[in-house]
$ cat entry01.csv   # CSV, C-alpha atoms and all ligand atoms
chain,number,residue,atom,x,y,z
P,1004,MET,CA,0.0,0.0,0.0
P,1005,THR,CA,1.3,3.4,-0.9
P,1006,SER,CA,0.8,6.2,1.6
P,1007,ILE,CA,-2.1,7.7,-0.4
P,1008,ASP,CA,-3.8,4.3,-0.3
P,1009,LYS,CA,-3.3,4.2,3.5
P,1010,LEU,CA,-4.6,7.7,3.8
P,1011,ILE,CA,-7.7,6.8,1.9
P,1012,ALA,CA,-8.2,3.6,4.0
P,1013,ASN,CA,-7.8,5.6,7.2
P,1014,THR,CA,-10.1,8.5,6.3
P,1015,ILE,CA,-12.7,7.7,3.5
P,1016,ARG,CA,-15.9,5.9,4.5
P,1017,GLU,CA,-16.0,2.3,3.6
P,1018,ASP,CA,-19.2,2.5,1.5
P,1019,VAL,CA,-17.8,5.4,-0.4
P,1020,ARG,CA,-14.5,3.5,-1.1
P,1021,ALA,CA,-16.6,0.5,-2.3
P,1022,GLY,CA,-18.9,2.7,-4.4
P,1023,HIS,CA,-18.5,4.1,-7.9
P,1024,ILE,CA,-18.8,7.5,-9.6
P,1025,TYR,CA,-22.1,8.4,-11.2
P,1026,ASN,CA,-21.4,7.4,-14.8
P,1027,VAL,CA,-22.1,9.9,-17.6
P,1028,PRO,CA,-20.7,8.6,-20.9
P,1029,ASP,CA,-18.9,11.0,-23.3
P,1030,SER,CA,-21.4,11.9,-25.9
P,1031,SER,CA,-19.5,14.0,-28.4
P,1032,GLY,CA,-20.5,13.0,-32.0
P,1033,TYR,CA,-23.5,11.1,-30.8
P,1034,ILE,CA,-27.3,11.8,-31.0
P,1035,LYS,CA,-27.9,12.1,-27.3
P,1036,LEU,CA,-31.2,10.4,-26.3
P,1037,ASP,CA,-30.1,9.1,-22.9
P,1038,ALA,CA,-30.6,12.0,-20.5
P,1039,MET,CA,-34.1,13.4,-21.1
P,1040,GLU,CA,-32.8,16.7,-22.4
P,1041,ASN,CA,-35.0,19.0,-24.5
P,1042,PRO,CA,-33.4,19.1,-28.0
P,1043,TYR,CA,-34.5,22.7,-28.6
P,1044,GLN,CA,-32.7,25.9,-27.7
P,1045,LEU,CA,-34.4,29.2,-26.9
P,1046,PRO,CA,-35.3,31.1,-30.1
P,1047,ASP,CA,-32.4,33.4,-31.5
P,1048,ALA,CA,-34.1,36.7,-30.5
P,1049,LEU,CA,-34.5,35.5,-26.9
P,1050,ARG,CA,-31.0,34.3,-26.8
P,1051,ALA,CA,-29.7,37.7,-27.9
P,1052,GLU,CA,-31.7,39.4,-25.2
P,1053,LEU,CA,-30.5,36.9,-22.7
P,1054,ALA,CA,-26.9,37.6,-23.7
P,1055,GLN,CA,-27.4,41.2,-22.8
P,1056,ARG,CA,-28.8,40.2,-19.4
P,1057,LEU,CA,-25.9,38.0,-18.7
P,1058,ALA,CA,-23.5,40.7,-19.7
P,1059,ASP,CA,-25.1,42.8,-17.0
P,1060,ALA,CA,-25.0,40.1,-14.3
P,1061,VAL,CA,-23.1,41.1,-11.1
P,1062,LEU,CA,-20.4,38.5,-11.1
P,1063,ASN,CA,-18.2,40.0,-8.5
P,1064,ARG,CA,-20.8,39.7,-5.7
P,1065,TYR,CA,-22.3,36.7,-4.1
P,1066,PRO,CA,-25.9,36.0,-5.1
P,1067,VAL,CA,-28.5,37.8,-3.1
P,1068,PRO,CA,-29.5,34.9,-0.9
P,1069,SER,CA,-33.3,35.5,-0.7
P,1070,TYR,CA,-33.5,34.6,-4.4
P,1071,SER,CA,-36.8,36.5,-4.4
P,1072,GLY,CA,-36.8,37.1,-8.2
P,1073,ILE,CA,-36.9,33.5,-9.0
P,1074,LYS,CA,-39.1,32.5,-6.2
P,1075,GLU,CA,-41.7,35.1,-7.0
P,1076,ARG,CA,-41.8,33.9,-10.6
P,1077,ILE,CA,-42.1,30.2,-9.6
P,1078,ARG,CA,-44.9,31.0,-7.2
P,1079,ALA,CA,-46.8,33.1,-9.7
P,1080,LYS,CA,-46.3,31.0,-12.8
P,1081,LEU,CA,-46.0,27.4,-11.7
P,1082,GLY,CA,-49.1,26.9,-9.6
P,1083,VAL,CA,-47.8,27.1,-6.0
P,1084,PRO,CA,-50.9,27.5,-3.8
P,1085,ALA,CA,-51.3,30.7,-1.6
P,1086,GLY,CA,-49.6,30.4,1.7
P,1087,PHE,CA,-47.0,28.0,0.4
P,1088,ASP,CA,-43.4,28.8,-0.6
P,1089,VAL,CA,-40.4,27.3,-2.4
P,1090,ILE,CA,-36.7,26.7,-1.7
P,1091,LEU,CA,-34.2,26.4,-4.5
P,1092,GLY,CA,-31.5,23.8,-5.3
P,1093,ASN,CA,-28.6,23.4,-7.6
P,1094,GLY,CA,-30.8,21.0,-9.6
P,1095,SER,CA,-33.4,18.9,-7.8
P,1096,ASP,CA,-30.5,16.5,-7.1
P,1097,GLU,CA,-29.4,18.9,-4.5
P,1098,ILE,CA,-32.9,19.2,-3.1
P,1099,ILE,CA,-33.0,15.4,-2.7
P,1100,SER,CA,-29.7,15.6,-0.8
P,1101,ILE,CA,-31.0,18.5,1.4
P,1102,LEU,CA,-34.2,16.4,2.2
P,1103,CYS,CA,-32.0,13.5,3.3
P,1104,THR,CA,-29.6,15.6,5.3
P,1105,ALA,CA,-32.4,17.2,7.2
P,1106,THR,CA,-34.2,13.9,8.0
P,1107,ALA,CA,-31.1,11.7,8.8
P,1108,ARG,CA,-31.7,11.7,12.5
P,1109,GLN,CA,-29.0,10.1,14.7
P,1110,ASP,CA,-31.3,9.1,17.6
P,1111,LYS,CA,-33.2,6.4,15.7
P,1112,ARG,CA,-33.0,4.4,12.5
P,1113,ALA,CA,-33.8,6.9,9.7
P,1114,VAL,CA,-35.3,5.4,6.6
P,1115,VAL,CA,-35.9,6.5,3.0
P,1116,LEU,CA,-38.5,4.5,1.2
P,1117,ALA,CA,-39.3,4.5,-2.5
P,1118,PRO,CA,-40.9,2.2,-5.0
P,1119,ILE,CA,-38.3,0.6,-7.3
P,1120,PRO,CA,-37.1,0.8,-10.0
P,1121,ALA,CA,-36.8,4.5,-9.3
P,1122,PHE,CA,-34.5,7.5,-9.9
P,1123,VAL,CA,-31.2,6.3,-8.6
P,1124,MET,CA,-30.4,9.5,-6.6
P,1125,PHE,CA,-33.0,8.6,-4.0
P,1126,GLN,CA,-31.0,5.7,-2.9
P,1127,ARG,CA,-27.6,7.3,-3.3
P,1128,SER,CA,-28.5,10.4,-1.3
P,1129,ALA,CA,-30.1,8.3,1.4
P,1130,GLN,CA,-26.9,6.3,1.7
P,1131,PHE,CA,-24.6,9.4,1.7
P,1132,ALA,CA,-26.7,10.9,4.5
P,1133,GLY,CA,-26.2,7.7,6.5
P,1134,MET,CA,-29.9,6.6,6.1
P,1135,ASP,CA,-31.3,3.1,5.3
P,1136,PHE,CA,-32.9,2.8,1.9
P,1137,VAL,CA,-35.9,0.5,1.5
P,1138,GLY,CA,-37.1,-0.2,-2.1
P,1139,VAL,CA,-40.5,-1.7,-2.7
P,1140,PRO,CA,-40.9,-3.3,-6.1
P,1141,LEU,CA,-43.5,-2.0,-8.5
P,1142,LYS,CA,-45.9,-4.4,-10.1
P,1143,ALA,CA,-45.0,-5.8,-13.5
P,1144,ASP,CA,-47.0,-3.1,-15.3
P,1145,PHE,CA,-45.0,-0.5,-13.2
P,1146,SER,CA,-48.0,0.6,-11.1
P,1147,LEU,CA,-47.6,1.0,-7.4
P,1148,ASP,CA,-48.1,-2.1,-5.3
P,1149,ARG,CA,-50.3,-0.3,-2.7
P,1150,ALA,CA,-50.5,-3.2,-0.2
P,1151,ALA,CA,-46.7,-3.8,-0.3
P,1152,MET,CA,-46.0,0.0,0.1
P,1153,LEU,CA,-48.4,0.3,3.1
P,1154,ALA,CA,-46.9,-2.9,4.7
P,1155,ALA,CA,-43.3,-1.6,4.2
P,1156,ILE,CA,-44.3,1.8,5.6
P,1157,ALA,CA,-45.8,0.1,8.7
P,1158,GLU,CA,-42.7,-2.0,9.2
P,1159,HIS,CA,-39.9,0.5,8.4
P,1160,LYS,CA,-41.5,3.8,9.5
P,1161,PRO,CA,-39.7,5.9,6.9
P,1162,SER,CA,-39.1,9.6,7.4
P,1163,LEU,CA,-39.1,10.2,3.7
P,1164,VAL,CA,-41.0,8.5,0.9
P,1165,PHE,CA,-40.1,9.5,-2.7
P,1166,LEU,CA,-42.8,9.1,-5.4
P,1167,ALA,CA,-41.7,10.3,-8.8
P,1168,TYR,CA,-44.8,11.4,-10.7
P,1169,PRO,CA,-44.3,10.4,-13.5
P,1170,ASN,CA,-41.7,7.8,-12.6
P,1171,ASN,CA,-38.2,7.6,-14.1
P,1172,PRO,CA,-37.1,5.1,-15.6
P,1173,THR,CA,-40.6,3.8,-16.4
P,1174,GLY,CA,-42.4,6.9,-17.6
P,1175,ASN,CA,-45.8,6.2,-16.1
P,1176,LEU,CA,-48.0,8.2,-13.7
P,1177,TYR,CA,-48.9,6.3,-10.5
P,1178,ASP,CA,-52.6,6.0,-9.6
P,1179,GLU,CA,-53.6,9.1,-7.7
P,1180,ALA,CA,-55.6,7.1,-5.1
P,1181,ASP,CA,-52.5,4.9,-4.4
P,1182,MET,CA,-50.4,8.0,-3.8
P,1183,VAL,CA,-53.0,9.5,-1.5
P,1184,ALA,CA,-53.3,6.3,0.5
P,1185,ILE,CA,-49.5,6.5,1.1
P,1186,ILE,CA,-49.6,10.1,2.1
P,1187,GLU,CA,-52.4,9.4,4.5
P,1188,ALA,CA,-50.7,6.3,5.9
P,1189,LEU,CA,-47.6,8.3,6.8
P,1190,GLY,CA,-49.5,11.3,8.3
P,1191,GLU,CA,-47.4,13.0,10.9
P,1192,ASN,CA,-44.7,10.4,10.8
P,1193,GLY,CA,-43.2,10.8,7.4
P,1194,ILE,CA,-42.8,13.3,4.5
P,1195,VAL,CA,-43.9,12.3,1.0
P,1196,VAL,CA,-42.0,13.9,-1.8
P,1197,ALA,CA,-43.9,14.1,-5.1
P,1198,ASP,CA,-40.9,14.3,-7.6
P,1199,GLU,CA,-42.5,16.1,-10.5
P,1200,ALA,CA,-39.4,16.4,-12.7
P,1201,TYR,CA,-41.5,15.7,-15.8
P,1202,HIS,CA,-44.3,18.0,-14.9
P,1203,PRO,CA,-44.0,20.0,-18.2
P,1204,PHE,CA,-45.0,16.8,-20.1
P,1205,ALA,CA,-47.3,15.2,-17.6
P,1206,ARG,CA,-49.5,18.3,-17.1
P,1207,THR,CA,-50.9,16.8,-13.9
P,1208,SER,CA,-49.6,17.5,-10.4
P,1209,PHE,CA,-49.9,17.1,-6.7
P,1210,MET,CA,-49.1,20.9,-6.2
P,1211,ASP,CA,-52.8,21.8,-5.6
P,1212,LYS,CA,-53.0,19.1,-2.9
P,1213,LEU,CA,-50.4,20.8,-0.7
P,1214,PRO,CA,-53.0,22.6,1.5
P,1215,GLN,CA,-54.8,19.3,2.1
P,1216,TYR,CA,-51.8,17.2,3.3
P,1217,PRO,CA,-49.2,18.8,5.6
P,1218,ASN,CA,-46.8,15.9,5.1
P,1219,LEU,CA,-46.7,16.4,1.3
P,1220,VAL,CA,-44.0,18.4,-0.5
P,1221,VAL,CA,-43.6,18.8,-4.3
P,1222,MET,CA,-40.2,18.9,-6.0
P,1223,ARG,CA,-39.6,20.0,-9.6
P,1224,THR,CA,-36.8,21.1,-11.8
P,1225,LEU,CA,-36.2,23.3,-14.9
P,1226,SER,CA,-33.9,20.6,-16.3
P,1227,LYS,CA,-36.4,18.6,-18.4
P,1228,LEU,CA,-38.3,21.7,-19.5
P,1229,GLY,CA,-35.2,22.8,-21.4
P,1230,LEU,CA,-32.7,24.2,-19.0
P,1231,ALA,CA,-30.7,21.2,-17.9
P,1232,GLY,CA,-27.5,23.3,-18.2
P,1233,ILE,CA,-28.3,25.8,-15.5
P,1234,ARG,CA,-29.1,23.3,-12.7
P,1235,LEU,CA,-32.2,24.7,-11.0
P,1236,GLY,CA,-34.6,22.7,-8.9
P,1237,TYR,CA,-37.3,23.8,-6.4
P,1238,LEU,CA,-39.2,22.4,-3.6
P,1239,ALA,CA,-42.7,23.6,-2.7
P,1240,ALA,CA,-44.0,23.1,0.8
P,1241,ALA,CA,-45.4,24.7,3.9
P,1242,PRO,CA,-43.1,27.6,5.0
P,1243,ALA,CA,-42.5,26.0,8.5
P,1244,LEU,CA,-41.2,22.8,6.9
P,1245,LEU,CA,-39.1,24.7,4.3
P,1246,GLU,CA,-37.5,26.7,7.1
P,1247,GLN,CA,-36.1,23.4,8.4
P,1248,PHE,CA,-34.7,22.3,5.0
P,1249,ASP,CA,-33.3,25.8,4.5
P,1250,LYS,CA,-31.1,25.3,7.5
P,1251,VAL,CA,-29.1,22.6,5.7
P,1252,ARG,CA,-29.1,24.2,2.3
P,1253,PRO,CA,-25.6,25.5,1.4
P,1254,PRO,CA,-25.7,29.3,1.3
P,1255,TYR,CA,-25.5,30.8,-2.2
P,1256,ASN,CA,-26.2,27.3,-3.7
P,1257,VAL,CA,-27.8,28.9,-6.8
P,1258,ASN,CA,-25.3,31.0,-8.7
P,1259,VAL,CA,-25.8,34.4,-10.3
P,1260,LEU,CA,-25.7,33.1,-13.9
P,1261,THR,CA,-28.4,30.6,-13.1
P,1262,GLN,CA,-30.4,33.2,-11.4
P,1263,VAL,CA,-30.3,35.5,-14.5
P,1264,VAL,CA,-31.2,32.7,-16.9
P,1265,ALA,CA,-34.0,31.3,-14.7
P,1266,GLU,CA,-35.7,34.7,-14.2
P,1267,PHE,CA,-35.5,35.3,-17.9
P,1268,ALA,CA,-36.7,31.9,-18.9
P,1269,LEU,CA,-39.6,32.0,-16.5
P,1270,ASP,CA,-40.7,35.4,-18.0
P,1271,HIS,CA,-40.9,33.5,-21.3
P,1272,VAL,CA,-42.1,30.2,-20.0
P,1273,GLU,CA,-44.7,29.9,-22.7
P,1274,VAL,CA,-41.9,29.3,-25.2
P,1275,LEU,CA,-40.6,26.3,-23.2
P,1276,ASP,CA,-44.2,25.1,-22.7
P,1277,GLU,CA,-44.7,25.2,-26.4
P,1278,GLN,CA,-41.5,23.1,-26.9
P,1279,ALA,CA,-42.8,20.6,-24.4
P,1280,ALA,CA,-46.2,20.4,-26.2
P,1281,ARG,CA,-44.3,19.7,-29.4
P,1282,LEU,CA,-42.3,16.9,-27.7
P,1283,ASN,CA,-45.5,15.4,-26.4
P,1284,GLU,CA,-46.9,15.2,-29.9
P,1285,ALA,CA,-43.6,13.6,-31.1
P,1286,ARG,CA,-43.9,11.1,-28.1
P,1287,THR,CA,-47.3,10.0,-29.3
P,1288,GLU,CA,-46.0,9.5,-32.9
P,1289,LEU,CA,-42.8,7.7,-31.8
P,1290,ALA,CA,-44.7,5.4,-29.4
P,1291,ALA,CA,-47.1,4.4,-32.1
P,1292,ALA,CA,-44.4,3.7,-34.6
P,1293,MET,CA,-42.4,1.6,-32.1
P,1294,ALA,CA,-45.5,-0.3,-30.9
P,1295,ALA,CA,-46.0,-1.5,-34.5
P,1296,LEU,CA,-42.6,-3.2,-34.6
P,1297,PRO,CA,-42.6,-7.0,-34.0
P,1298,GLY,CA,-41.5,-8.1,-30.6
P,1299,VAL,CA,-41.5,-4.6,-29.1
P,1300,THR,CA,-43.6,-3.6,-26.0
P,1301,VAL,CA,-44.0,0.1,-25.5
P,1302,PHE,CA,-45.0,1.2,-22.0
P,1303,PRO,CA,-47.3,4.2,-21.5
P,1304,SER,CA,-45.4,7.5,-20.9
P,1305,SER,CA,-46.3,10.8,-19.4
P,1306,ALA,CA,-42.7,12.1,-19.6
P,1307,ASN,CA,-40.3,13.2,-22.4
P,1308,PHE,CA,-39.0,9.7,-22.7
P,1309,ILE,CA,-40.4,6.3,-23.6
P,1310,THR,CA,-39.5,2.9,-22.0
P,1311,LEU,CA,-39.9,-0.1,-24.2
P,1312,ARG,CA,-39.1,-3.8,-24.1
P,1313,VAL,CA,-37.2,-5.3,-27.0
P,1314,PRO,CA,-36.3,-9.0,-27.7
P,1315,ASP,CA,-32.6,-8.4,-27.0
P,1316,ALA,CA,-31.6,-5.1,-25.3
P,1317,GLU,CA,-27.9,-5.7,-25.6
P,1318,LYS,CA,-28.1,-6.2,-29.3
P,1319,THR,CA,-30.4,-3.2,-29.8
P,1320,CYS,CA,-28.1,-0.9,-27.7
P,1321,ALA,CA,-25.0,-2.1,-29.6
P,1322,LYS,CA,-26.7,-1.4,-33.0
P,1323,LEU,CA,-27.9,2.1,-31.8
P,1324,PHE,CA,-24.4,2.8,-30.5
P,1325,ALA,CA,-22.9,1.8,-33.9
P,1326,GLU,CA,-25.3,4.2,-35.5
P,1327,ARG,CA,-24.1,6.9,-33.1
P,1328,VAL,CA,-27.3,7.0,-31.0
P,1329,LEU,CA,-27.0,7.0,-27.2
P,1330,ILE,CA,-29.9,5.6,-25.2
P,1331,LYS,CA,-30.1,3.9,-21.8
P,1332,ASN,CA,-30.1,0.2,-21.4
P,1333,LEU,CA,-32.3,-0.4,-18.3
P,1334,SER,CA,-31.8,-4.2,-18.2
P,1335,ARG,CA,-29.4,-4.4,-15.3
P,1336,MET,CA,-31.2,-1.9,-13.1
P,1337,HIS,CA,-34.0,-4.2,-11.9
P,1338,GLU,CA,-35.5,-7.6,-12.9
P,1339,LEU,CA,-38.7,-5.8,-13.8
P,1340,LEU,CA,-36.8,-4.0,-16.5
P,1341,ALA,CA,-35.3,-7.1,-18.2
P,1342,ASN,CA,-34.6,-6.2,-21.9
P,1343,CYS,CA,-36.0,-2.7,-21.4
P,1344,ILE,CA,-34.4,0.4,-22.9
P,1345,ARG,CA,-35.3,4.1,-22.4
P,1346,VAL,CA,-35.2,6.7,-25.2
P,1347,THR,CA,-35.6,10.5,-24.8
P,1348,VAL,CA,-38.1,12.0,-27.2
P,1349,SER,CA,-36.3,14.5,-29.5
P,1350,THR,CA,-36.7,16.3,-32.8
P,1351,PRO,CA,-38.5,14.6,-35.7
P,1352,GLU,CA,-35.1,14.1,-37.4
P,1353,GLU,CA,-33.4,12.5,-34.4
P,1354,ASN,CA,-36.5,10.4,-33.6
P,1355,SER,CA,-36.4,9.0,-37.1
P,1356,VAL,CA,-32.6,8.2,-37.0
P,1357,PHE,CA,-33.4,6.4,-33.7
P,1358,LEU,CA,-36.4,4.5,-35.1
P,1359,ASN,CA,-34.5,3.3,-38.2
P,1360,ALA,CA,-31.6,2.0,-36.1
P,1361,LEU,CA,-34.1,0.4,-33.7
P,1362,LYS,CA,-35.8,-1.4,-36.7
P,1363,ALA,CA,-32.4,-2.5,-38.0
P,1364,SER,CA,-31.5,-4.0,-34.6
P,1365,LEU,CA,-34.6,-6.1,-34.6
P,1366,GLN,CA,-33.7,-7.9,-37.8
P,1367,ALA,CA,-31.9,-11.2,-37.5
U,1,LIG,C1,-33.9,14.1,-14.0
U,1,LIG,C2,-34.6,13.8,-12.8
U,1,LIG,C3,-34.3,14.5,-11.6
U,1,LIG,C4,-33.1,15.5,-11.5
U,1,LIG,O1,-33.2,16.7,-12.0
U,1,LIG,P1,-32.1,17.8,-11.8
U,1,LIG,O2,-32.9,19.0,-11.4
U,1,LIG,O3,-31.5,17.9,-13.2
U,1,LIG,O4,-31.1,17.4,-10.8
U,1,LIG,C5,-35.0,14.3,-10.4
U,1,LIG,N1,-36.0,13.3,-10.4
U,1,LIG,C6,-36.2,12.6,-11.5
U,1,LIG,C7,-37.3,11.6,-11.4
U,1,LIG,C8,-35.6,12.8,-12.7
U,1,LIG,O5,-35.8,12.0,-13.7

$ encode --input "entry01.csv" --output "C-alpha cells"
Amino acid sequence: MTSIDKLIANTIREDVRAGHIYNVPDSSGYIKLDAMENPYQLPDALRAELAQRLADAVLNRYPVPSYSGIKERIRAKLGVPAGFDVILGNGSDEIISILCTATARQDKRAVVLAPIPAFVMFQRSAQFAGMDFVGVPLKADFSLDRAAMLAAIAEHKPSLVFLAYPNNPTGNLYDEADMVAIIEALGENGIVVADEAYHPFARTSFMDKLPQYPNLVVMRTLSKLGLAGIRLGYLAAAPALLEQFDKVRPPYNVNVLTQVVAEFALDHVEVLDEQAARLNEARTELAAAMAALPGVTVFPSSANFITLRVPDAEKTCAKLFAERVLIKNLSRMHELLANCIRVTVSTPEENSVFLNALKASLQA
C-alpha cells in the first residue's frame, strides 16, 4: 500500500470506497437520447436578449440569498398555492440531498423508502446521508403495489418517501388514489416527496394538494423543461417545513448566472411550454411507430422519454451505438426491466434516426 492508499483507507468511508462515480458517458459526436434533455434551444431573438442580461450580471458579488426574483416567478407562474413557498436547489438532485440531510436523524434508525425501479439519486442520497434505503418493487405493469407499500411503511416507518410522478425510468404516472393512501398512511410520521421532474410533459400535479396534506412536498426542476445546463430545482411546501430544510441548504447554492437565466426563462415560460407540447406530440407518434414493430412492447409514458421492451436489449443498444445514437439500457437496473431500454423523445429528425436504427436492430 502506498501512503495515499493508507490515507484513503484511514479516512474515507467504507461505503464510499466500495462505491462508484455516477457514470455519464462521453457523448461528443452522438445523438444524445439518454438523458431526457430538451433538444430545442431558446429562439435566437430571446438568446440575444439573454446575452445582454448575462453581460449585466453582477459576477463580483455573491448571489442575493433571498432569491426573491426566481421564487416570485415560480410561485406566480408554476401553480404554488397561496400560503406556500419554495426553496431552490442546484438541480433537484441537491434538493434530494437536502431532504435526506435534514431527516437523517441520529437518535433512531432513519429510513428513506421508494418504489423501485426509481430515480437512482433517491438511494444514493439516502446512503450518503447515512440513512437506510428500503425499495418496494412496483408491479409488472410499473404501477404502485399499494399493499406492499403500506406494509413496508408500517414495518420501516420511513421519514421520507419519494414518489416520482411520473416515474423515471418507467415513464408512467402512478394512480392518484394509491399516492393519497401512502400520504395518509404516513401522516405526521413521514414526509412524502412528489418528484415532478416531468411536470412540463405530464401536465398533472400534486401541487394543488399541498393545502390538504401537511406531510406532502412537491419537488420540480427546470432541467427537463429545457434548462438542464443551468441546474435549478425547487421544492414547494409549507413555510414551516421549508424553514427546516433551508437550515441545511448550502448558502448561495444557486449561482448568479443561473439566477439571471432562470428569471429570464420564467418570464418567457410559454416558449418552453410550447416546446414541451411539441415533444408530447412527437412522443405519441414515436410510441405508435415503435408499438407497430414486431417483438416490441411500449410502456405508457407521461414524460419526455419512452421505456420499451425489446427482444434483446444488448443487441439493440449495440446497434444504436454503432449508428451513433445514445440511449439507456435499463436491463441491469432491476429484474422488472429485463430487456428494457429508455429513449428520450427528441426532434422529428433525431427520432427518425433512432427509429430506423431500432428497426435494423430487430432484424436477425
Ligand atoms: C432528471 C430527474 C431529476 C433530477 O433533475 P435535476 O434537477 O436535473 O437534478 C429528479 N428526479 C427525477 C425523477 C428525474 O428524472

$ residues_around --input "entry01.csv" --residues "stretch 1226-1239 of chain P" --least-positions-apart "5" --cutoff "9 Å" --atoms "all atoms listed in the file" --output "MDAnalysis selection string"
chainID P and resid 1039:1045 1074 1077:1078 1083 1087:1098 1200:1204 1210 1213 1220:1221 1245 1257 1260:1262 1264:1265 1268 1275:1276 1278:1279 1307

$ residues_around --input "entry01.csv" --residues "stretch 1292-1294 of chain P" --least-positions-apart "5" --cutoff "9 Å" --atoms "only C-alpha atoms" --output "PyMOL selection string"
chain P and resi 1287+1299-1301+1311+1358+1361-1362

$ closest_residue --input "entry01.csv" --among "P:Ala1280, P:Leu1365, P:Glu1017, P:Gly1138" --to "P:Arg1312" --atoms "all atoms listed in the file"
P:Leu1365

$ residues_near_point --input "entry01.csv" --point "(-37.9, 3.5, -11.1)" --cutoff "7 Å" --atoms "all atoms listed in the file" --output "list of chain:residue names"
P:Pro1118, P:Ile1119, P:Pro1120, P:Ala1121, P:Phe1122, P:Asn1170, P:Asn1171, P:Pro1172, P:Thr1173

$ write_last_selection --input "entry01.csv" --atoms "C-alpha atoms" --output "compact mmCIF listing (two decimals), in the frame of the given file"
# COMPACT_ATOMS: atom_id res chain seq x y z
CA PRO P 1118 -40.90 2.20 -5.00
CA ILE P 1119 -38.30 0.60 -7.30
CA PRO P 1120 -37.10 0.80 -10.00
CA ALA P 1121 -36.80 4.50 -9.30
CA PHE P 1122 -34.50 7.50 -9.90
CA ASN P 1170 -41.70 7.80 -12.60
CA ASN P 1171 -38.20 7.60 -14.10
CA PRO P 1172 -37.10 5.10 -15.60
CA THR P 1173 -40.60 3.80 -16.40

$ closest_residue --input "entry01.csv" --among "P:Asn1175, P:Ser1349, P:Thr1207, P:Asn1283" --to "ligand LIG 1 (chain U)" --atoms "only C-alpha atoms and all ligand atoms"
P:Asn1175

$ atom_distance --input "entry01.csv" --atom1 "atom CA of P:Asn1063" --atom2 "atom CA of P:Val1263"
14.2 Å

$ residues_around --input "entry01.csv" --residues "P:Asp1018" --least-positions-apart "4" --cutoff "12 Å" --atoms "all atoms listed in the file" --output "list in words"
Ala1012, Thr1014, Gly1022, His1023, Arg1127, Gln1130, Phe1131, Ala1132 and Gly1133 of chain P

$ closest_residue --input "entry01.csv" --among "P:Glu1326, P:Asp1315, P:Glu1158, P:Glu1075" --to "P:Asn1342" --atoms "all atoms listed in the file"
P:Asp1315

$ closest_residue --input "entry01.csv" --among "P:Gln1055, P:Ser1162, P:Gln1109, P:Thr1224" --to "ligand LIG 1 (chain U)" --atoms "all atoms listed in the file"
P:Thr1224

$ closest_residue --input "entry01.csv" --among "P:Ser1031, P:Thr1005, P:Ser1334, P:Ser1100" --to "ligand LIG 1 (chain U)" --atoms "all atoms listed in the file"
P:Ser1100

$ closest_residue --input "entry01.csv" --among "P:Lys1322, P:Lys1250, P:Arg1223, P:His1271" --to "ligand LIG 1 (chain U)" --atoms "only C-alpha atoms and all ligand atoms"
P:Arg1223

$ axis_aligned_box --input "entry01.csv" --around "ligand LIG 1 (chain U)" --padding-each-side "8 Å" --output "JSON"
{"center_x": -34.2, "center_y": 15.3, "center_z": -12.2, "size_x": 22.2, "size_y": 23.4, "size_z": 19.6}

$ residues_near_point --input "entry01.csv" --point "(-43.5, -1.5, -14.3)" --cutoff "10 Å" --atoms "only C-alpha atoms" --output "list in words"
Ile1119, Pro1120, Pro1140, Leu1141, Lys1142, Ala1143, Asp1144, Phe1145, Ser1146, Leu1147, Asn1170, Pro1172, Thr1173, Gly1174, Asn1175, Phe1302, Pro1303, Thr1310, Leu1339 and Leu1340 of chain P
